[in-house]
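Below is the file input-v8.txt, which contains compact mmCIF, C-alpha atoms.
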```txt
# COMPACT_ATOMS: atom_id res chain seq x y z
CA MET A 170 10.79 10.49 11.23
CA ILE A 171 7.51 11.96 12.44
CA GLU A 172 7.12 11.78 16.19
CA PHE A 173 3.88 12.48 18.05
CA LYS A 174 4.45 12.95 21.77
CA ASN A 175 1.36 12.87 23.94
CA VAL A 176 -0.59 15.05 21.51
CA THR A 177 -3.97 16.30 22.69
CA LYS A 178 -6.29 18.47 20.62
CA THR A 179 -9.83 19.50 21.43
CA TYR A 180 -12.41 21.24 19.29
CA GLY A 181 -14.95 22.70 21.72
CA SER A 182 -16.04 19.80 23.87
CA ILE A 183 -14.78 17.16 21.43
CA LYS A 184 -11.40 15.56 22.00
CA ALA A 185 -9.98 14.86 18.54
CA LEU A 186 -6.67 13.58 19.88
CA ASP A 187 -6.09 12.38 23.41
CA GLY A 188 -2.48 11.70 24.37
CA PHE A 189 -1.62 10.41 20.89
CA THR A 190 1.94 9.05 20.89
CA THR A 191 3.68 7.26 18.04
CA LYS A 192 6.77 7.28 15.84
CA ILE A 193 6.48 7.06 12.07
CA GLU A 194 9.74 5.78 10.66
CA ASP A 195 11.37 7.05 7.47
CA GLY A 196 10.82 5.28 4.16
CA LYS A 197 7.64 3.45 5.08
CA ILE A 198 4.09 3.53 3.77
CA VAL A 199 1.95 3.85 6.88
CA GLY A 200 -1.82 3.48 7.18
CA LEU A 201 -3.69 5.60 9.68
CA LEU A 202 -6.96 3.77 10.07
CA GLY A 203 -10.16 4.03 12.02
CA PRO A 204 -13.79 5.07 11.75
CA ASN A 205 -14.73 8.69 11.08
CA GLY A 206 -14.10 11.12 13.90
CA THR A 207 -11.23 9.26 15.55
CA GLY A 208 -8.53 11.87 15.00
CA LYS A 209 -6.98 10.77 11.71
CA SER A 210 -7.30 14.11 9.92
CA THR A 211 -6.35 16.10 13.01
CA SER A 212 -3.09 14.21 13.43
CA LEU A 213 -2.17 14.72 9.75
CA LYS A 214 -3.00 18.44 9.91
CA ILE A 215 -0.79 18.82 12.98
CA ALA A 216 2.08 17.00 11.26
CA ALA A 217 1.60 19.22 8.20
CA GLY A 218 1.88 22.29 10.45
CA LEU A 219 -1.67 23.44 9.70
CA SER A 220 -2.95 22.98 13.22
CA LYS A 221 -1.33 23.15 16.65
CA PRO A 222 -1.76 20.69 19.52
CA ASP A 223 -3.27 21.94 22.80
CA PHE A 224 -0.83 19.74 24.71
CA GLY A 225 2.10 17.60 23.68
CA SER A 226 4.26 18.06 20.59
CA VAL A 227 5.02 16.83 17.09
CA GLU A 228 8.50 16.66 15.60
CA ILE A 229 9.43 16.24 11.94
CA ASN A 230 12.97 14.88 11.89
CA GLY A 231 13.53 16.41 15.31
CA ALA A 232 12.11 19.85 14.49
CA LYS A 233 8.81 21.44 15.51
CA PRO A 234 6.42 22.11 12.58
CA SER A 235 7.55 25.34 10.90
CA LYS A 236 8.18 26.88 7.52
CA GLU A 237 11.22 24.59 7.20
CA THR A 238 9.32 21.40 7.96
CA LYS A 239 6.50 22.45 5.62
CA ALA A 240 9.04 22.44 2.82
CA GLN A 241 9.61 18.72 3.49
CA VAL A 242 5.97 17.76 3.76
CA ALA A 243 3.44 17.39 0.93
CA PHE A 244 -0.10 17.31 2.28
CA LEU A 245 -3.23 16.19 0.46
CA PRO A 246 -6.23 17.47 2.42
CA GLU A 247 -9.57 15.70 2.42
CA ILE A 248 -11.48 18.91 1.72
CA ASP A 249 -11.54 20.60 -1.68
CA HIS A 250 -8.88 23.22 -1.22
CA LEU A 251 -8.42 24.21 -4.87
CA TYR A 252 -9.83 27.40 -6.42
CA PRO A 253 -12.69 26.20 -8.65
CA TRP A 254 -12.11 28.89 -11.28
CA MET A 255 -8.52 27.88 -11.98
CA THR A 256 -7.53 25.46 -14.70
CA ILE A 257 -5.33 22.54 -13.68
CA ARG A 258 -2.33 24.21 -15.31
CA ARG A 259 -3.03 27.59 -13.66
CA CYS A 260 -3.34 25.84 -10.30
CA ALA A 261 -0.02 24.07 -10.87
CA ASP A 262 1.62 27.44 -11.62
CA PHE A 263 0.13 28.82 -8.43
CA ILE A 264 1.19 25.92 -6.16
CA SER A 265 4.64 25.58 -7.74
CA ALA A 266 5.45 29.14 -6.62
CA PHE A 267 5.26 28.05 -2.98
CA TYR A 268 7.52 25.00 -3.14
CA ALA A 269 11.17 24.74 -4.11
CA ASP A 270 10.80 20.98 -4.66
CA TRP A 271 8.12 21.36 -7.37
CA ASP A 272 9.11 19.18 -10.34
CA TRP A 273 7.61 20.09 -13.75
CA ASP A 274 8.84 16.86 -15.37
CA LYS A 275 7.01 14.87 -12.74
CA TYR A 276 3.94 17.05 -13.21
CA LYS A 277 3.89 16.35 -16.96
CA GLU A 278 4.38 12.64 -16.49
CA LEU A 279 1.60 12.48 -13.90
CA VAL A 280 -0.82 14.52 -16.03
CA GLU A 281 -0.42 11.87 -18.69
CA PHE A 282 -0.53 8.87 -16.34
CA LEU A 283 -3.68 10.13 -14.61
CA GLY A 284 -5.33 11.09 -17.90
CA LEU A 285 -5.88 14.74 -16.94
CA ASN A 286 -6.20 17.71 -19.26
CA PRO A 287 -4.28 20.80 -18.02
CA SER A 288 -6.76 23.20 -19.62
CA THR A 289 -9.84 21.92 -17.74
CA VAL A 290 -11.35 24.21 -15.15
CA ILE A 291 -11.27 22.60 -11.71
CA GLY A 292 -14.82 23.65 -10.78
CA LYS A 293 -16.20 21.83 -13.81
CA ILE A 294 -14.68 18.37 -13.39
CA SER A 295 -16.07 15.23 -11.76
CA LYS A 296 -15.27 14.17 -8.22
CA GLY A 297 -12.96 11.42 -9.46
CA MET A 298 -11.05 13.87 -11.68
CA ARG A 299 -10.75 16.32 -8.80
CA ALA A 300 -9.31 13.55 -6.61
CA LYS A 301 -6.78 12.85 -9.36
CA ALA A 302 -5.95 16.56 -9.62
CA LYS A 303 -5.31 16.78 -5.88
CA LEU A 304 -3.01 13.79 -6.16
CA LEU A 305 -1.24 15.40 -9.12
CA PHE A 306 -0.45 18.54 -7.11
CA THR A 307 0.75 16.51 -4.12
CA PHE A 308 3.05 14.20 -6.08
CA SER A 309 4.40 16.86 -8.44
CA ARG A 310 6.61 17.83 -5.53
CA ASN A 311 9.64 15.82 -4.46
CA ALA A 312 8.81 15.95 -0.77
CA PRO A 313 10.40 13.31 1.48
CA ILE A 314 7.21 13.15 3.56
CA VAL A 315 3.78 12.76 1.95
CA LEU A 316 0.58 12.92 4.00
CA LEU A 317 -2.62 11.82 2.26
CA ASP A 318 -5.90 12.46 4.07
CA GLU A 319 -8.63 10.14 2.76
CA PRO A 320 -7.33 10.08 -0.83
CA LEU A 321 -9.85 7.36 -1.78
CA SER A 322 -13.06 8.43 -0.13
CA GLY A 323 -16.15 8.71 -2.29
CA ILE A 324 -14.38 7.75 -5.50
CA ASP A 325 -15.22 4.92 -7.88
CA VAL A 326 -13.18 1.73 -8.09
CA LEU A 327 -11.29 2.50 -11.31
CA VAL A 328 -10.09 5.88 -10.07
CA ARG A 329 -9.17 4.35 -6.71
CA GLU A 330 -7.01 1.78 -8.52
CA LYS A 331 -5.29 4.54 -10.49
CA ILE A 332 -4.66 6.52 -7.31
CA ILE A 333 -3.11 3.52 -5.57
CA GLN A 334 -0.94 2.90 -8.64
CA THR A 335 0.24 6.51 -8.52
CA ILE A 336 1.24 6.10 -4.88
CA VAL A 337 3.12 2.85 -5.61
CA ARG A 338 4.90 4.44 -8.59
CA ASP A 339 6.08 7.42 -6.64
CA TYR A 340 7.11 5.42 -3.61
CA GLY A 341 9.01 2.97 -5.81
CA LYS A 342 11.04 5.84 -7.22
CA GLY A 343 11.81 7.79 -4.09
CA GLY A 344 11.22 5.57 -1.08
CA GLN A 345 9.76 8.50 0.82
CA THR A 346 7.61 8.32 3.95
CA ILE A 347 3.93 8.17 3.02
CA VAL A 348 1.12 8.33 5.57
CA ILE A 349 -2.38 7.50 4.29
CA SER A 350 -5.48 8.04 6.39
CA THR A 351 -8.47 6.07 5.19
CA HIS A 352 -11.33 3.83 6.13
CA GLU A 353 -11.14 1.94 2.81
CA ILE A 354 -8.81 -0.64 4.30
CA SER A 355 -9.09 -3.61 1.96
CA GLU A 356 -7.67 -1.68 -0.98
CA ILE A 357 -4.64 -0.28 0.77
CA GLU A 358 -3.86 -3.37 2.83
CA PRO A 359 -1.26 -4.74 0.35
CA LEU A 360 0.24 -1.27 0.13
CA ILE A 361 0.99 -0.40 3.72
CA GLU A 362 3.85 -1.72 5.79
CA TYR A 363 2.83 -0.32 9.14
CA VAL A 364 -0.63 0.37 10.50
CA ILE A 365 -2.00 2.57 13.26
CA PHE A 366 -5.60 2.03 14.37
CA LEU A 367 -7.09 5.04 16.12
CA GLU A 368 -10.07 5.24 18.41
CA ASP A 369 -11.28 8.31 20.27
CA GLY A 370 -8.00 10.10 19.61
CA LYS A 371 -5.89 7.30 21.02
CA ILE A 372 -4.00 4.39 19.53
CA LYS A 373 -6.05 1.25 19.72
CA LEU A 374 -3.51 -0.97 18.00
CA GLU A 375 -0.38 -0.43 15.91
CA GLY A 376 2.22 -2.64 14.28
CA ASN A 377 3.86 -4.09 11.23
CA VAL A 378 1.10 -5.27 8.86
CA GLU A 379 2.57 -8.70 8.06
CA ASP A 380 3.20 -9.34 11.78
CA LEU A 381 -0.37 -8.43 12.70
CA ARG A 382 -1.80 -10.58 9.90
CA PHE A 383 0.37 -13.45 11.09
CA LYS A 384 -0.56 -12.99 14.75
CA TYR A 385 -4.31 -12.63 14.21
CA LYS A 386 -4.43 -15.02 11.22
CA ARG A 387 -6.75 -12.63 9.41
CA SER A 388 -6.83 -9.56 7.21
CA LEU A 389 -6.59 -5.98 8.45
CA VAL A 390 -10.28 -5.51 7.64
CA ASP A 391 -11.15 -8.38 9.99
CA ILE A 392 -8.63 -7.24 12.60
CA MET A 393 -10.26 -3.83 12.48
CA LYS A 394 -13.70 -5.37 13.04
CA GLU A 395 -12.35 -7.21 16.06
CA VAL A 396 -10.46 -4.19 17.41
CA TYR A 397 -13.48 -1.94 17.27
CA GLY A 398 -15.88 -4.71 18.30
CA ARG A 399 -18.32 -4.18 15.49
CA MET B 199 -4.85 -9.68 -7.62
CA GLU B 200 -6.77 -11.07 -4.65
CA PHE B 201 -4.79 -11.98 -1.56
CA ASP B 202 -5.50 -14.59 1.07
CA SER B 203 -5.61 -12.65 4.31
CA THR B 204 -3.79 -15.17 6.45
CA ARG B 205 -0.58 -15.67 4.46
CA PRO B 206 2.26 -13.22 3.89
CA ILE B 207 1.76 -11.42 0.57
CA TYR B 208 5.32 -12.06 -0.65
CA LEU B 209 4.70 -15.83 -0.46
CA GLN B 210 1.48 -15.41 -2.44
CA ILE B 211 3.36 -13.48 -5.12
CA ILE B 212 5.87 -16.34 -5.34
CA ASP B 213 2.99 -18.82 -5.76
CA VAL B 214 1.50 -16.78 -8.58
CA ILE B 215 4.80 -16.80 -10.49
CA LYS B 216 5.27 -20.52 -9.86
CA LYS B 217 1.78 -21.28 -11.17
CA GLN B 218 2.42 -19.19 -14.26
CA ILE B 219 5.58 -21.21 -14.89
CA ILE B 220 3.72 -24.52 -14.45
CA ARG B 221 0.96 -23.42 -16.81
CA GLY B 222 3.56 -22.35 -19.36
CA GLU B 223 2.53 -18.69 -19.29
CA LEU B 224 6.08 -17.90 -18.22
CA LYS B 225 8.84 -19.89 -19.88
CA PRO B 226 12.51 -20.33 -18.98
CA GLY B 227 14.42 -17.31 -20.26
CA ASP B 228 11.34 -15.04 -20.34
CA LYS B 229 11.79 -11.53 -19.07
CA VAL B 230 9.53 -10.61 -16.15
CA LEU B 231 8.32 -7.15 -15.12
CA SER B 232 10.69 -5.01 -13.12
CA GLN B 233 9.96 -4.91 -9.40
CA ARG B 234 8.59 -1.40 -9.71
CA ASP B 235 6.29 -2.16 -12.63
CA PHE B 236 5.08 -5.37 -11.02
CA ALA B 237 4.33 -3.57 -7.73
CA GLU B 238 2.41 -0.93 -9.65
CA LYS B 239 0.47 -3.51 -11.66
CA ILE B 240 -0.70 -5.53 -8.67
CA ARG B 241 -0.88 -2.45 -6.38
CA VAL B 242 1.36 -3.86 -3.67
CA ASN B 243 4.09 -2.22 -1.59
CA PRO B 244 7.32 -2.30 -3.67
CA ASN B 245 9.22 -3.64 -0.64
CA THR B 246 6.96 -6.71 -0.62
CA VAL B 247 7.66 -7.35 -4.31
CA GLN B 248 11.37 -6.86 -3.67
CA ARG B 249 11.22 -9.51 -0.95
CA ALA B 250 9.39 -11.95 -3.25
CA TYR B 251 11.92 -11.40 -6.08
CA LYS B 252 14.86 -11.82 -3.72
CA GLU B 253 13.40 -15.06 -2.39
CA MET B 254 12.82 -16.37 -5.93
CA GLU B 255 16.40 -15.48 -6.85
CA SER B 256 17.69 -17.52 -3.94
CA MET B 257 15.43 -20.39 -5.06
CA SER B 258 16.94 -20.05 -8.59
CA ILE B 259 13.56 -19.32 -10.13
CA LEU B 260 14.51 -15.80 -11.15
CA GLU B 261 17.80 -14.27 -12.11
CA THR B 262 18.64 -10.63 -12.51
CA ILE B 263 21.16 -9.61 -15.12
CA ARG B 264 22.60 -6.19 -14.45
CA GLY B 265 21.41 -3.63 -16.96
CA GLN B 266 19.11 -6.10 -18.71
CA GLY B 267 16.41 -7.00 -16.24
CA THR B 268 15.01 -10.00 -14.42
CA PHE B 269 14.42 -13.33 -16.17
CA ILE B 270 12.97 -16.77 -15.46
CA CYS B 271 15.95 -19.06 -14.88
CA ASN B 272 16.90 -21.36 -17.69
CA ARG B 273 17.21 -24.61 -15.76
CA PRO B 274 15.73 -27.75 -17.34
CA GLU B 275 14.92 -29.32 -13.98
CA MET B 276 13.12 -26.23 -12.64
CA LEU B 277 9.61 -27.06 -13.85
CA LYS B 278 9.81 -30.52 -12.29
CA GLU B 279 11.06 -29.06 -9.01
CA ILE B 280 8.29 -26.48 -8.77
CA LYS B 281 5.62 -29.06 -9.65
CA ALA B 282 6.92 -31.48 -7.02
CA GLU B 283 7.05 -28.74 -4.44
CA MET B 284 3.53 -27.51 -5.09
CA ALA B 285 2.17 -31.08 -5.17
CA ASN B 286 3.84 -31.64 -1.82
CA GLU B 287 2.17 -28.57 -0.34
CA ILE B 288 -1.27 -29.66 -1.57
CA LEU B 289 -0.76 -33.19 -0.22
CA THR B 290 0.41 -31.99 3.18
CA THR B 291 -2.67 -29.84 3.60
CA PHE B 292 -4.95 -32.60 2.29
CA ILE B 293 -3.54 -35.26 4.61
CA SER B 294 -3.68 -33.07 7.69
CA ASP B 295 -7.26 -32.03 6.85
CA MET B 296 -8.30 -35.67 6.41
CA ARG B 297 -6.63 -36.65 9.69
CA SER B 298 -8.44 -33.87 11.50
CA LEU B 299 -11.68 -35.47 10.25
CA GLY B 300 -10.56 -38.72 11.88
CA PHE B 301 -9.55 -40.74 8.79
CA GLU B 302 -6.86 -43.42 9.15
CA THR B 303 -4.05 -43.93 6.61
CA ASP B 304 -5.77 -46.89 4.87
CA GLU B 305 -9.07 -45.06 4.68
CA ILE B 306 -7.44 -42.02 3.10
CA ARG B 307 -5.77 -44.28 0.54
CA ASP B 308 -9.09 -45.98 -0.28
CA ILE B 309 -10.92 -42.68 -0.67
CA VAL B 310 -8.23 -41.33 -2.99
CA ASN B 311 -8.24 -44.52 -5.07
CA SER B 312 -12.01 -44.63 -5.46
CA SER B 313 -12.07 -40.92 -6.33
CA LEU B 314 -9.42 -41.47 -9.00
CA LYS B 315 -11.40 -44.41 -10.44
CA GLY B 316 -14.55 -42.32 -10.60
CA GLU B 317 -12.84 -39.54 -12.52
```

Whole structure, structure tokens version:
Amino acid sequence: MIEFKNVTKTYGSIKALDGFTTKIEDGKIVGLLGPNGTGKSTSLKIAAGLSKPDFGSVEINGAKPSKETKAQVAFLPEIDHLYPWMTIRRCADFISAFYADWDWDKYKELVEFLGLNPSTVIGKISKGMRAKAKLLFTFSRNAPIVLLDEPLSGIDVLVREKIIQTIVRDYGKGGQTIVISTHEISEIEPLIEYVIFLEDGKIKLEGNVEDLRFKYKRSLVDIMKEVYGR
Amino acid sequence: MEFDSTRPIYLQIIDVIKKQIIRGELKPGDKVLSQRDFAEKIRVNPNTVQRAYKEMESMSILETIRGQGTFICNRPEMLKEIKAEMANEILTTFISDMRSLGFETDEIRDIVNSSLKGE
């Protein structure tokens, strides 16, 4: 379980998170939704142990983010964090050295499923291919918690479909906890079980997706429009 | 697969399978995709597919044979049952829609009859 307790984080004069409190239960695919600049990335970075809250705390299965919790968490950042001069294979060698749960069989299977070539240089591939490569490195680990920050943004439909299929495949095998931040709601709506809508660093609405759809008699996309009044 | 936003997805999955059976695309005894493969194909949460499969097993539409997979049940009366059930759903919606427009029973009957004649 990932527990955010009253987490506040400011960057200069901007409050990225403002008393953010929620519990993310084990074994669920959770959507962290909201417009840009509402604190989605900040909350994932804090859970991944890459950023610290100014106030409040985050616990991963009861422990503060540390080297130990990092070993349980696979994080896909929104930014391009890979060295452009490395080949996909070289990058896999590099990342695998950091994580005990790296799984070369899974890596090989995913390379094939995603249609990647291990000898391509990362700096020379398209945006869609790079998104696939980032996903490859995240899911080549057997981490019980997977945090995906905007895995679909700026990518064409076919690659988005492939990415969603990769998430479903991996979740179907392991039943891990997967948190996806995105503003491309319609495509992940059938995928997520629980949703958290953020606004100005606070929770605007959260709940079980089927319950919310039943209560509002509309899709998450339309609920979102109503929630944010736009 | 496109989903209607107001109905639970697992029920919509059940409807899709039922329609495939009615149209003869799935026949009694046919093997269906595993839950995992089906979830991947339609890009839906595997727990939702599991719920749909479970429901269809309790309705005796699907049966899972350990070590072999999941199959469409081999019951001769199944097709008739599913057709009757789906017809019933369509009629219920139709009648309640017509009533909300203010039509009386006899008027509904007349409209249906004249529509059928004009076919």

Compute the chain A side of the contact with chain B at 10 Å, counting all atoms listed in the file, and hand it back as a PyMOL selection string.
-> chain A and resi 197-198+330-342+344+355-362+378-391

Interatomic distance between CA of Ala312 (chain A) and CA of Arg264 (chain B)?
->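 The value is 29.5 Å.
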
Write out as an MDAnalysis selection string each polymer residue whose atoms come within 12 Å of region 213-227 of chain B, counting all atoms listed in the file; drop sequence neighbours fewer than 5 positions from it.
-> chainID B and resid 199:202 205:208 236 240 247 250:251 253:254 257:263 267:285 287

What is the CA of Val227 (chain A)-CA of Asn377 (chain A) distance in Å, reported with one decimal?
->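 So the two atoms, CA of Val227 (chain A) and CA of Asn377 (chain A), lie 21.8 Å apart.
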
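A straight line drawn from CA of Ser322 (chain A) to CA of Asn205 (chain A) is 11.3 Å long.
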
Selection: 9 Å around Glu194 (chain A), all atoms listed in the file, excl. self and same-chain fewer than 2 positions, as an MDAnalysis selection string = chainID A and resid 170:172 192 196:197 199 346

From A:Phe282, A:Tyr397, A:Phe263, A:Phe308, residue lying nearest Phe244 (chain A) [all atoms listed in the file] | A:Phe308

Compile the contact shell of Val176 (chain A) as a count of residues only: residues with an atom at most 12 Å away, counting all atoms listed in the file, same-chain residues fewer than 6 positions apart removed.
-> 26

Shell around Ser235 (chain A) at 9 Å using only C-alpha atoms, local window under 4 positions removed, as an mmCIF file with C-alpha atoms, in the frame of the given file:
```cif
data_model
loop_
_atom_site.group_PDB
_atom_site.id
_atom_site.type_symbol
_atom_site.label_atom_id
_atom_site.label_comp_id
_atom_site.auth_asym_id
_atom_site.auth_seq_id
_atom_site.Cartn_x
_atom_site.Cartn_y
_atom_site.Cartn_z
ATOM 1 C CA ALA A 217 1.600 19.220 8.200
ATOM 2 C CA GLY A 218 1.880 22.290 10.450
ATOM 3 C CA LYS A 239 6.500 22.450 5.620
ATOM 4 C CA ALA A 240 9.040 22.440 2.820
#
```

Ref. answer, residues at most 6 Å from (1.1, 21.6, -13.5) with only C-alpha atoms, as a ChimeraX atom specification | /A:258,261,276

List the neighbours of Ile365 (chain A) out to 7 Å using all atoms listed in the file; skip same-chain residues closer than 2 positions along the sequence, and give me the result as a VMD selection string.
-> chain A and resid 200 to 202 363 367 372 374 to 376

Same residues, C-alpha atoms, output as a PDB file, keeping the file's coordinate frame:
```pdb
ATOM      1  CA  GLY A 200      -1.820   3.480   7.180  1.00  0.00           C
ATOM      2  CA  LEU A 201      -3.690   5.600   9.680  1.00  0.00           C
ATOM      3  CA  LEU A 202      -6.960   3.770  10.070  1.00  0.00           C
ATOM      4  CA  TYR A 363       2.830  -0.320   9.140  1.00  0.00           C
ATOM      5  CA  LEU A 367      -7.090   5.040  16.120  1.00  0.00           C
ATOM      6  CA  ILE A 372      -4.000   4.390  19.530  1.00  0.00           C
ATOM      7  CA  LEU A 374      -3.510  -0.970  18.000  1.00  0.00           C
ATOM      8  CA  GLU A 375      -0.380  -0.430  15.910  1.00  0.00           C
ATOM      9  CA  GLY A 376       2.220  -2.640  14.280  1.00  0.00           C
TER      10      GLY A 376
END
```
